[in-house]
Structure formats: structure tokens, C-alpha cells
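Student: You'll find data.txt just under this line, and it carries compact mmCIF, C-alpha atoms.
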```txt
# COMPACT_ATOMS: atom_id res chain seq x y z
CA MET Q 1 83.17 211.24 27.56
CA LEU Q 2 85.14 214.29 26.43
CA ARG Q 3 83.10 216.30 23.95
CA GLU Q 4 84.95 217.08 20.75
CA LEU Q 5 85.67 220.76 20.23
CA SER Q 6 84.09 222.08 17.06
CA SER Q 7 85.53 225.60 17.23
CA ALA Q 8 89.20 224.62 17.24
CA PRO Q 9 89.20 222.71 13.93
CA LEU Q 10 86.97 225.32 12.27
CA THR Q 11 89.44 228.02 13.29
CA ALA Q 12 92.56 226.19 12.17
CA TRP Q 13 91.25 224.61 8.98
CA GLY Q 14 89.19 227.65 8.08
CA ASN Q 15 92.28 229.83 8.18
CA ALA Q 16 94.26 227.25 6.21
CA TRP Q 17 91.59 227.36 3.53
CA LEU Q 18 91.55 231.17 3.46
CA SER Q 19 95.33 231.20 2.99
CA GLY Q 20 95.09 228.74 0.08
CA ARG Q 21 96.97 225.94 1.85
CA VAL Q 22 94.05 223.49 1.71
CA GLY Q 23 90.94 223.23 -0.41
CA LEU Q 24 87.48 223.96 0.92
CA ASP Q 25 86.42 220.32 0.71
CA ASP Q 26 89.47 219.18 2.69
CA ALA Q 27 88.87 221.87 5.31
CA VAL Q 28 85.22 220.97 5.80
CA ASP Q 29 86.04 217.25 5.89
CA ALA Q 30 88.55 217.89 8.67
CA VAL Q 31 86.09 220.01 10.66
CA GLU Q 32 83.31 217.43 10.38
CA ARG Q 33 85.48 214.31 10.77
CA ASN Q 34 84.67 213.59 14.42
CA THR Q 35 81.45 215.52 14.96
CA GLY Q 36 79.20 214.78 11.97
CA PRO Q 37 77.69 217.25 9.49
CA HIS Q 38 77.76 220.95 10.37
CA VAL Q 39 75.10 223.48 9.45
CA VAL Q 40 74.95 227.23 10.04
CA GLY Q 41 71.94 229.19 11.26
CA ALA Q 42 70.72 232.43 9.75
CA LEU Q 43 73.00 235.43 10.19
CA PRO Q 44 71.97 238.12 12.70
CA ASP Q 45 69.34 240.69 11.73
CA GLY Q 46 67.98 238.51 8.95
CA ASP Q 47 71.01 239.04 6.70
CA PRO Q 48 70.21 237.13 3.47
CA LEU Q 49 73.78 235.89 2.92
CA ILE Q 50 73.12 232.75 4.96
CA THR Q 51 69.76 231.10 5.52
CA ALA Q 52 68.99 228.80 8.43
CA GLY Q 53 70.28 225.25 8.01
CA THR Q 54 72.91 226.02 5.37
CA PRO Q 55 75.58 223.28 5.21
CA LEU Q 56 78.98 224.48 6.41
CA ARG Q 57 80.63 224.16 3.00
CA ALA Q 58 77.97 226.27 1.30
CA ALA Q 59 78.04 228.81 4.14
CA LEU Q 60 81.80 229.32 3.91
CA ALA Q 61 81.75 229.51 0.13
CA GLY Q 62 78.91 232.03 0.29
CA LEU Q 63 80.69 234.26 2.80
CA ARG Q 64 84.06 234.31 1.02
CA PRO Q 65 83.06 236.94 -1.60
CA HIS Q 66 81.73 239.13 1.22
CA GLY Q 67 85.02 239.68 2.97
CA LEU Q 68 85.47 236.50 4.99
CA SER Q 69 89.12 236.83 6.06
CA ALA Q 70 89.82 235.19 9.44
CA PHE Q 71 88.59 232.82 12.13
CA ARG Q 72 89.57 233.19 15.79
CA LEU Q 73 89.02 230.68 18.56
CA CYS Q 74 87.29 231.48 21.86
CA LEU Q 75 87.42 229.06 24.82
CA PRO Q 76 85.63 230.90 27.63
CA VAL Q 77 84.49 229.71 31.04
CA PRO Q 78 82.62 231.62 33.75
CA GLY Q 79 84.92 234.34 35.05
CA ASP Q 80 87.31 234.04 32.11
CA PRO Q 81 85.77 235.05 28.74
CA LEU Q 82 88.86 233.96 26.81
CA GLY Q 83 88.80 235.22 23.22
CA LEU Q 84 85.43 236.96 23.44
CA VAL Q 85 84.81 240.61 22.61
CA GLY Q 86 81.08 240.99 23.38
CA PRO Q 87 78.28 241.86 23.38
CA ALA Q 88 76.62 240.14 26.34
CA GLU Q 89 74.35 237.88 24.26
CA LEU Q 90 77.29 236.34 22.41
CA ASN Q 91 79.37 236.05 25.57
CA LYS Q 92 76.57 234.29 27.46
CA ALA Q 93 75.98 231.73 24.71
CA ALA Q 94 79.70 231.10 24.21
CA ILE Q 95 80.36 230.64 27.93
CA GLU Q 96 77.51 228.16 28.16
CA ALA Q 97 78.96 226.24 25.21
CA ARG Q 98 82.54 226.80 26.48
CA GLU Q 99 83.62 227.58 22.92
CA ALA Q 100 82.95 229.87 19.94
CA VAL Q 101 84.56 231.26 16.80
CA LEU Q 102 84.88 234.91 15.84
CA VAL Q 103 84.46 235.30 12.09
CA ARG Q 104 85.85 238.39 10.38
CA LEU Q 105 83.75 239.64 7.47
CA GLY Q 106 84.39 242.67 5.33
CA ASP Q 107 82.47 245.22 7.37
CA ARG Q 108 81.80 243.45 10.67
CA GLN Q 109 82.46 240.52 12.94
CA VAL Q 110 80.17 237.60 13.73
CA GLY Q 111 80.38 235.08 16.57
CA LEU Q 112 79.50 231.45 15.82
CA VAL Q 113 78.53 229.27 18.78
CA PRO Q 114 78.25 225.50 18.23
CA GLY Q 115 75.56 223.25 19.66
CA GLU Q 116 74.31 219.75 19.10
CA ASP Q 117 72.13 219.32 16.03
CA ARG Q 118 69.73 216.39 16.34
CA ARG Q 119 67.19 215.56 13.68
CA GLY Q 120 65.55 212.21 14.29
CA SER Q 121 66.89 209.32 16.37
CA SER Q 122 70.16 208.68 14.53
CA TYR Q 123 71.28 212.00 13.03
CA VAL Q 124 73.79 213.93 15.14
CA GLY Q 125 75.72 216.93 13.92
CA VAL Q 126 76.66 220.48 14.86
CA LEU Q 127 74.53 223.59 14.49
CA TRP Q 128 76.39 226.92 14.48
CA THR Q 129 74.28 229.79 15.81
CA PRO Q 130 75.49 233.22 14.63
CA TYR Q 131 75.49 236.26 16.95
CA PRO Q 132 76.51 239.86 16.32
CA ALA Q 133 80.02 240.47 17.70
CA VAL Q 134 81.70 243.70 18.71
CA ASP Q 135 83.99 244.79 15.89
CA SER Q 136 87.27 244.60 17.79
CA MET Q 137 90.20 242.23 18.16
CA PRO Q 138 90.42 239.87 21.14
CA GLU Q 139 93.39 240.17 23.46
CA PRO Q 140 96.46 238.79 21.67
CA LEU Q 141 97.97 235.57 23.03
CA PRO Q 142 101.55 235.18 21.77
CA LEU Q 143 102.35 231.53 21.17
CA ALA Q 144 105.67 231.65 23.03
CA ASP Q 145 104.02 233.13 26.11
CA ALA Q 146 101.22 230.55 26.01
CA GLU Q 147 103.74 227.72 25.76
CA HIS Q 148 105.73 229.12 28.68
CA ARG Q 149 102.58 229.45 30.78
CA LEU Q 150 101.56 225.90 29.92
CA THR Q 151 104.97 224.57 30.97
CA LEU Q 152 104.78 226.42 34.27
CA ALA Q 153 101.23 225.21 34.89
CA VAL Q 154 102.24 221.60 34.28
CA ARG Q 155 105.11 221.99 36.73
CA GLU Q 156 102.99 223.68 39.41
CA SER Q 157 100.06 221.32 39.03
CA THR Q 158 102.38 218.30 39.16
CA ASP Q 159 103.59 219.57 42.53
CA LEU Q 160 99.99 219.90 43.68
CA PHE Q 161 99.08 216.46 42.35
CA GLY Q 162 102.07 215.17 44.30
CA ARG Q 163 100.34 216.09 47.54
CA ILE Q 164 97.86 213.32 46.82
CA ASP Q 165 99.66 210.21 48.00
CA ASP Q 166 97.60 207.59 46.21
CA ILE Q 167 96.73 208.00 42.51
CA ALA Q 168 94.05 205.29 42.73
CA PRO Q 169 91.27 207.71 43.76
CA TRP Q 170 91.60 209.38 40.35
CA GLY Q 171 90.20 206.29 38.67
CA PRO Q 172 91.45 204.24 35.69
CA GLU Q 173 90.38 206.75 33.01
CA VAL Q 174 92.47 209.53 34.55
CA VAL Q 175 95.45 207.20 34.94
CA ARG Q 176 95.17 206.19 31.28
CA ALA Q 177 94.91 209.83 30.20
CA LEU Q 178 98.02 210.68 32.21
CA SER Q 179 99.88 207.84 30.52
CA VAL Q 180 98.96 209.22 27.10
CA LEU Q 181 100.94 212.37 27.93
CA ARG Q 182 104.09 210.30 27.54
CA ASP Q 183 103.24 209.50 23.92
CA ALA Q 184 103.91 212.57 21.76
CA GLU Q 185 102.35 210.93 18.70
CA ARG Q 186 98.89 210.48 20.18
CA SER Q 187 96.35 213.26 20.27
CA PRO Q 188 92.57 213.26 20.82
CA THR Q 189 92.01 215.88 18.10
CA PRO Q 190 92.86 216.09 14.37
CA GLY Q 191 95.62 218.60 15.03
CA LEU Q 192 96.67 221.55 12.93
CA PRO Q 193 96.69 221.83 9.15
CA PRO Q 194 99.55 223.16 7.00
CA GLY Q 195 100.50 226.80 7.48
CA HIS Q 196 100.93 226.74 11.26
CA PRO Q 197 104.42 227.11 12.74
CA PRO Q 198 106.14 224.02 14.21
CA ARG Q 199 105.79 225.43 17.72
CA ALA Q 200 102.02 225.67 17.23
CA HIS Q 201 101.81 221.98 16.31
CA ARG Q 202 103.78 221.07 19.43
CA VAL Q 203 101.77 223.30 21.75
CA ALA Q 204 98.42 222.21 20.31
CA ALA Q 205 99.29 218.51 20.68
CA LEU Q 206 100.30 218.89 24.32
CA ALA Q 207 97.36 221.14 25.18
CA ASP Q 208 94.87 218.80 23.49
CA ARG Q 209 96.20 215.84 25.51
CA LEU Q 210 96.19 217.83 28.74
CA ALA Q 211 92.59 218.88 28.07
CA VAL Q 212 91.61 215.20 28.33
CA VAL Q 213 93.27 214.95 31.73
CA VAL Q 214 91.57 218.13 32.97
CA HIS Q 215 88.17 216.92 31.80
CA LEU Q 216 88.43 213.41 33.23
CA ALA Q 217 89.89 214.57 36.53
CA GLY Q 218 87.20 217.22 36.83
CA GLU Q 219 84.50 214.59 36.31
CA ASP Q 220 86.02 212.20 38.88
CA PRO Q 221 84.53 212.61 42.39
CA GLY Q 222 87.86 211.96 44.11
CA ARG Q 223 86.69 209.19 46.38
CA GLY Q 224 88.87 208.71 49.44
CA LEU Q 225 90.47 212.17 49.35
CA ASP Q 226 90.50 214.36 52.41
CA THR Q 227 89.75 218.09 52.43
CA ALA Q 228 93.37 219.17 51.88
CA GLN Q 229 93.77 216.72 48.99
CA MET Q 230 90.55 217.92 47.37
CA ARG Q 231 91.74 221.51 47.67
CA ALA Q 232 95.07 220.59 46.07
CA ARG Q 233 93.29 218.82 43.23
CA ARG Q 234 90.94 221.74 42.54
CA GLU Q 235 93.87 224.16 42.44
CA ALA Q 236 95.87 221.87 40.15
CA LEU Q 237 92.95 221.56 37.75
CA ARG Q 238 92.31 225.31 37.81
CA LEU Q 239 95.94 226.02 36.88
CA LEU Q 240 95.96 223.44 34.14
CA ASP Q 241 92.60 224.43 32.68
CA GLY Q 242 93.50 228.09 32.32
CA ALA Q 243 96.87 227.33 30.75
CA VAL Q 244 95.46 224.66 28.45
CA ARG Q 245 92.72 226.92 27.11
CA ARG Q 246 95.20 229.74 26.44
CA ALA Q 247 97.63 227.38 24.76
CA ARG Q 248 94.92 226.01 22.50
CA VAL Q 249 93.71 229.48 21.53
CA ALA Q 250 97.28 230.63 20.80
CA ALA Q 251 98.14 227.52 18.79
CA TYR Q 252 94.92 227.21 16.81
CA CYS Q 253 94.94 230.95 16.01
CA SER Q 254 98.67 231.11 15.21
CA ALA Q 255 98.08 231.27 11.45
CA VAL Q 256 96.37 234.66 11.93
CA GLY Q 257 98.61 235.94 14.68
CA GLY Q 258 96.48 234.86 17.67
```
In C-alpha cells, how does this file's structure come out?

Tutor:
Amino acid sequence: MLRELSSAPLTAWGNAWLSGRVGLDDAVDAVERNTGPHVVGALPDGDPLITAGTPLRAALAGLRPHGLSAFRLCLPVPGDPLGLVGPAELNKAAIEAREAVLVRLGDRQVGLVPGEDRRGSSYVGVLWTPYPAVDSMPEPLPLADAEHRLTLAVRESTDLFGRIDDIAPWGPEVVRALSVLRDAERSPTPGLPPGHPPRAHRVAALADRLAVVVHLAGEDPGRGLDTAQMRARREALRLLDGAVRRARVAAYCSAVGG
């Protein structure tokens, strides 16, 4: 099953709240809609602003008077720390989680890394662990460039997929995910809130759907494929994954200029 991203909705809806386009309750509801309640751990260095286990709504409200001004999405993988700025402790945790959010406060930057929060047999939510972050901006990802790269990656990966004669080895879940790409109205994520440009909505919807394909195809063992076909599939997925992650970062961060 594809794990829901927590960092993407927090980035998009958090920025929409900061800009006054949605209320705090609506923003938190959107962030928690598919993943359960969110809580935030204690800030680095024992900062008293946030104590361990603070509900997300209270944490955001408490940070707002202290210069909370922007959220930025990170979608790193080993060898590609997309969106991260360091230090090593934050980067390591974010790469293991494959996602994080950089939070801009008045005098510093904090990285929030999500993880599963289980308390008892039935409670499942998200725990955000804060880490000190280097006080610098991540590399900008212009939305137009990210969309162009995504289009090229789809074209190139389609050519590589075409070298696999029989689609059956991909399995029924991958075939269904590929069919969803034809339906522009369906998306596996809540999408973007008000305040994001139309291009961002379009890019986010396509990238979110493609992320499902990348995940399912990556999980499929590729039964019946020969060595050349496996190599073509790995290359296709590598191209798609890199472009999808960049497109999502550009789209979900578009309200704060990437």
C-alpha cells in the first residue's frame, strides 16, 4: 500500500493558512484527513515553545507569534537530498523517512520529520520530530521547469516501458494505476488549497498520480522479465521518480516560491 505523504499537505495547507486563505482548523483538518491525528515533539535544545506530544493545531498556533512564516517540502532519497539544507542529523532522518518539512521561524529554521505514532492497538497517527536545520534556503525549483522535466520523464520512461513487450508481468495493481493516469479528476492525495497557481494544481495532480505508479511498479518483482527488460524498467522508474519528486516539491511549495 502506498503510504500517504504527511509533509506535502502540511506544506501546502500550512502556507495557505499563513497567507490567510484558509483557517487554522481547516488547514489541520486537511493535513490529518488521511493520516489520523498529528502531534509534534519537543523543539531542539529543549526550547520551551513546544513540548513533546503537542497536537498539531496547538503547535502551529503557538509558533505563529514567534515568526512562523513558511513551510517547504523535502522529498529526499539516498543520493538525492531534495529540499534538504542540513545538518547531517536532519538529512539522515529525512532520507530514512523519504520526506520532511522545513519550517521558517523568526530567527532560525527547523526541520520536521514525520513518523508513525502508535499508542495502543487502535490509535494510529503521525509524530513530527523536530531537528535543527541550517538557516539557508533550499535550491529553488521553478514550477515551469519542474513541469517540463516531468513531461520529458514521462515521454522517456514510456519509451523504456515500451521495451517490455507484455504488460502482464507488472501485475493488476500497476495496470490499474496506469489507467488512473487517464482520469484527470482522480488523485490519491487531497490536492492543493487556495492560493496556489493553476499550473501548480495541474502539476501536483499529475505528479501525485504518477507517484502511485512509481511505488507500485517498484514493489512489483517483475516476474517473467529478462535482464534487459529489468534494466529498462529500473531506468524508467528512476527517471519517473526523480521527476515526480521535483514536480511535487515545486507544486506544493509554489505558494512560497519553491

Student: Which one is closest to Gly36 of chain Q: Q:Arg118, Q:Arg21, Q:Arg155, Q:Arg233? Count only C-alpha atoms.

Tutor: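 Of Q:Arg118, Q:Arg21, Q:Arg155, Q:Arg233, the one nearest Gly36 of chain Q, counting only C-alpha atoms, is Q:Arg118.
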
Student: Determine the nearest neighbour of Ile50 of chain Q from the options Q:Ala243, Q:Ala12, Q:Leu63, Q:Met137, counting only C-alpha atoms.

Tutor: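 Looking at the shortest contact to Ile50 of chain Q, the residue is Q:Leu63.
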
Student: Nearest to Lys92 of chain Q: which of Q:Asp26, Q:Asp45, Q:Asp80, Q:Asp135 is it, counting all atoms listed in the file?

Tutor: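 Closest to Lys92 of chain Q of all the choices is Q:Asp80.
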
Student: Given the choices Q:Ala255, Q:Val110, Q:Gly86, Q:Ala211, which gets closest to Glu4 of chain Q if the distance is worked out from all atoms listed in the file?

Tutor: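 Of the candidates, the smallest distance to Glu4 of chain Q is held by Q:Ala211.
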
Student: Would you please work out which residue, of Q:Val31, Q:Ala16, Q:Cys253, Q:Val134, is nearest to Glu89 of chain Q when using only C-alpha atoms?

Tutor: Q:Val134

Student: Using all atoms listed in the file, can you tell me which of Q:Arg119, Q:His196, Q:Arg149, Q:Arg64 comes closest to Leu240 of chain Q?

Tutor: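 When distances to Leu240 of chain Q are compared using all atoms listed in the file, the smallest one comes from Q:Arg149.
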
Student: Record the distance separating atom CA of His148 of chain Q and atom CA of Ala27 of chain Q, expressed in Å with one decimal.

Tutor: 29.7 Å

Student: I'd like the interatomic distance between atom CA of Pro55 of chain Q and atom CA of Gly111 of chain Q, to a tenth of an Å.

Tutor: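 So the answer is 17.1 Å.
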
Student: Residues within 12 Å of Thr35 of chain Q, please, as a tab-separated table (two decimals) with C-alpha atoms, in the frame of the given file. Count all atoms listed in the file; anything in the same chain fewer than 4 positions from it doesn't count.

Tutor:
```tsv
chain	number	residue	atom	x	y	z
Q	3	ARG	CA	83.10	216.30	23.95
Q	4	GLU	CA	84.95	217.08	20.75
Q	5	LEU	CA	85.67	220.76	20.23
Q	6	SER	CA	84.09	222.08	17.06
Q	7	SER	CA	85.53	225.60	17.23
Q	9	PRO	CA	89.20	222.71	13.93
Q	10	LEU	CA	86.97	225.32	12.27
Q	28	VAL	CA	85.22	220.97	5.80
Q	29	ASP	CA	86.04	217.25	5.89
Q	30	ALA	CA	88.55	217.89	8.67
Q	31	VAL	CA	86.09	220.01	10.66
Q	39	VAL	CA	75.10	223.48	9.45
Q	114	PRO	CA	78.25	225.50	18.23
Q	115	GLY	CA	75.56	223.25	19.66
Q	116	GLU	CA	74.31	219.75	19.10
Q	117	ASP	CA	72.13	219.32	16.03
Q	118	ARG	CA	69.73	216.39	16.34
Q	123	TYR	CA	71.28	212.00	13.03
Q	124	VAL	CA	73.79	213.93	15.14
Q	125	GLY	CA	75.72	216.93	13.92
Q	126	VAL	CA	76.66	220.48	14.86
Q	127	LEU	CA	74.53	223.59	14.49
Q	189	THR	CA	92.01	215.88	18.10
Q	190	PRO	CA	92.86	216.09	14.37
```

Student: Enter the distance from atom CA of Gly62 of chain Q to atom CA of Gly23 of chain Q, in Å, rounded to one decimal.

Tutor: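 Atom-to-atom, atom CA of Gly62 of chain Q and atom CA of Gly23 of chain Q are spaced 14.9 Å apart.
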
Student: Using only C-alpha atoms - which residues lie no farther than 10 Å from the point (83.6, 239.6, 12.5) in the file's frame? Write them as an MDAnalysis selection string.

Tutor: chainID Q and resid 67:72 101:112 131:137

Student: Give the centre and edge lengths of an axis-aligned box, in Å to one decimal, that holds all listed atoms of segment 198-209 of chain Q with 5 Å on each side, as AutoDock Vina command-line options.

Tutor:
```
--center_x 100.5 --center_y 220.8 --center_z 19.9 --size_x 21.3 --size_y 19.8 --size_z 21.3
```
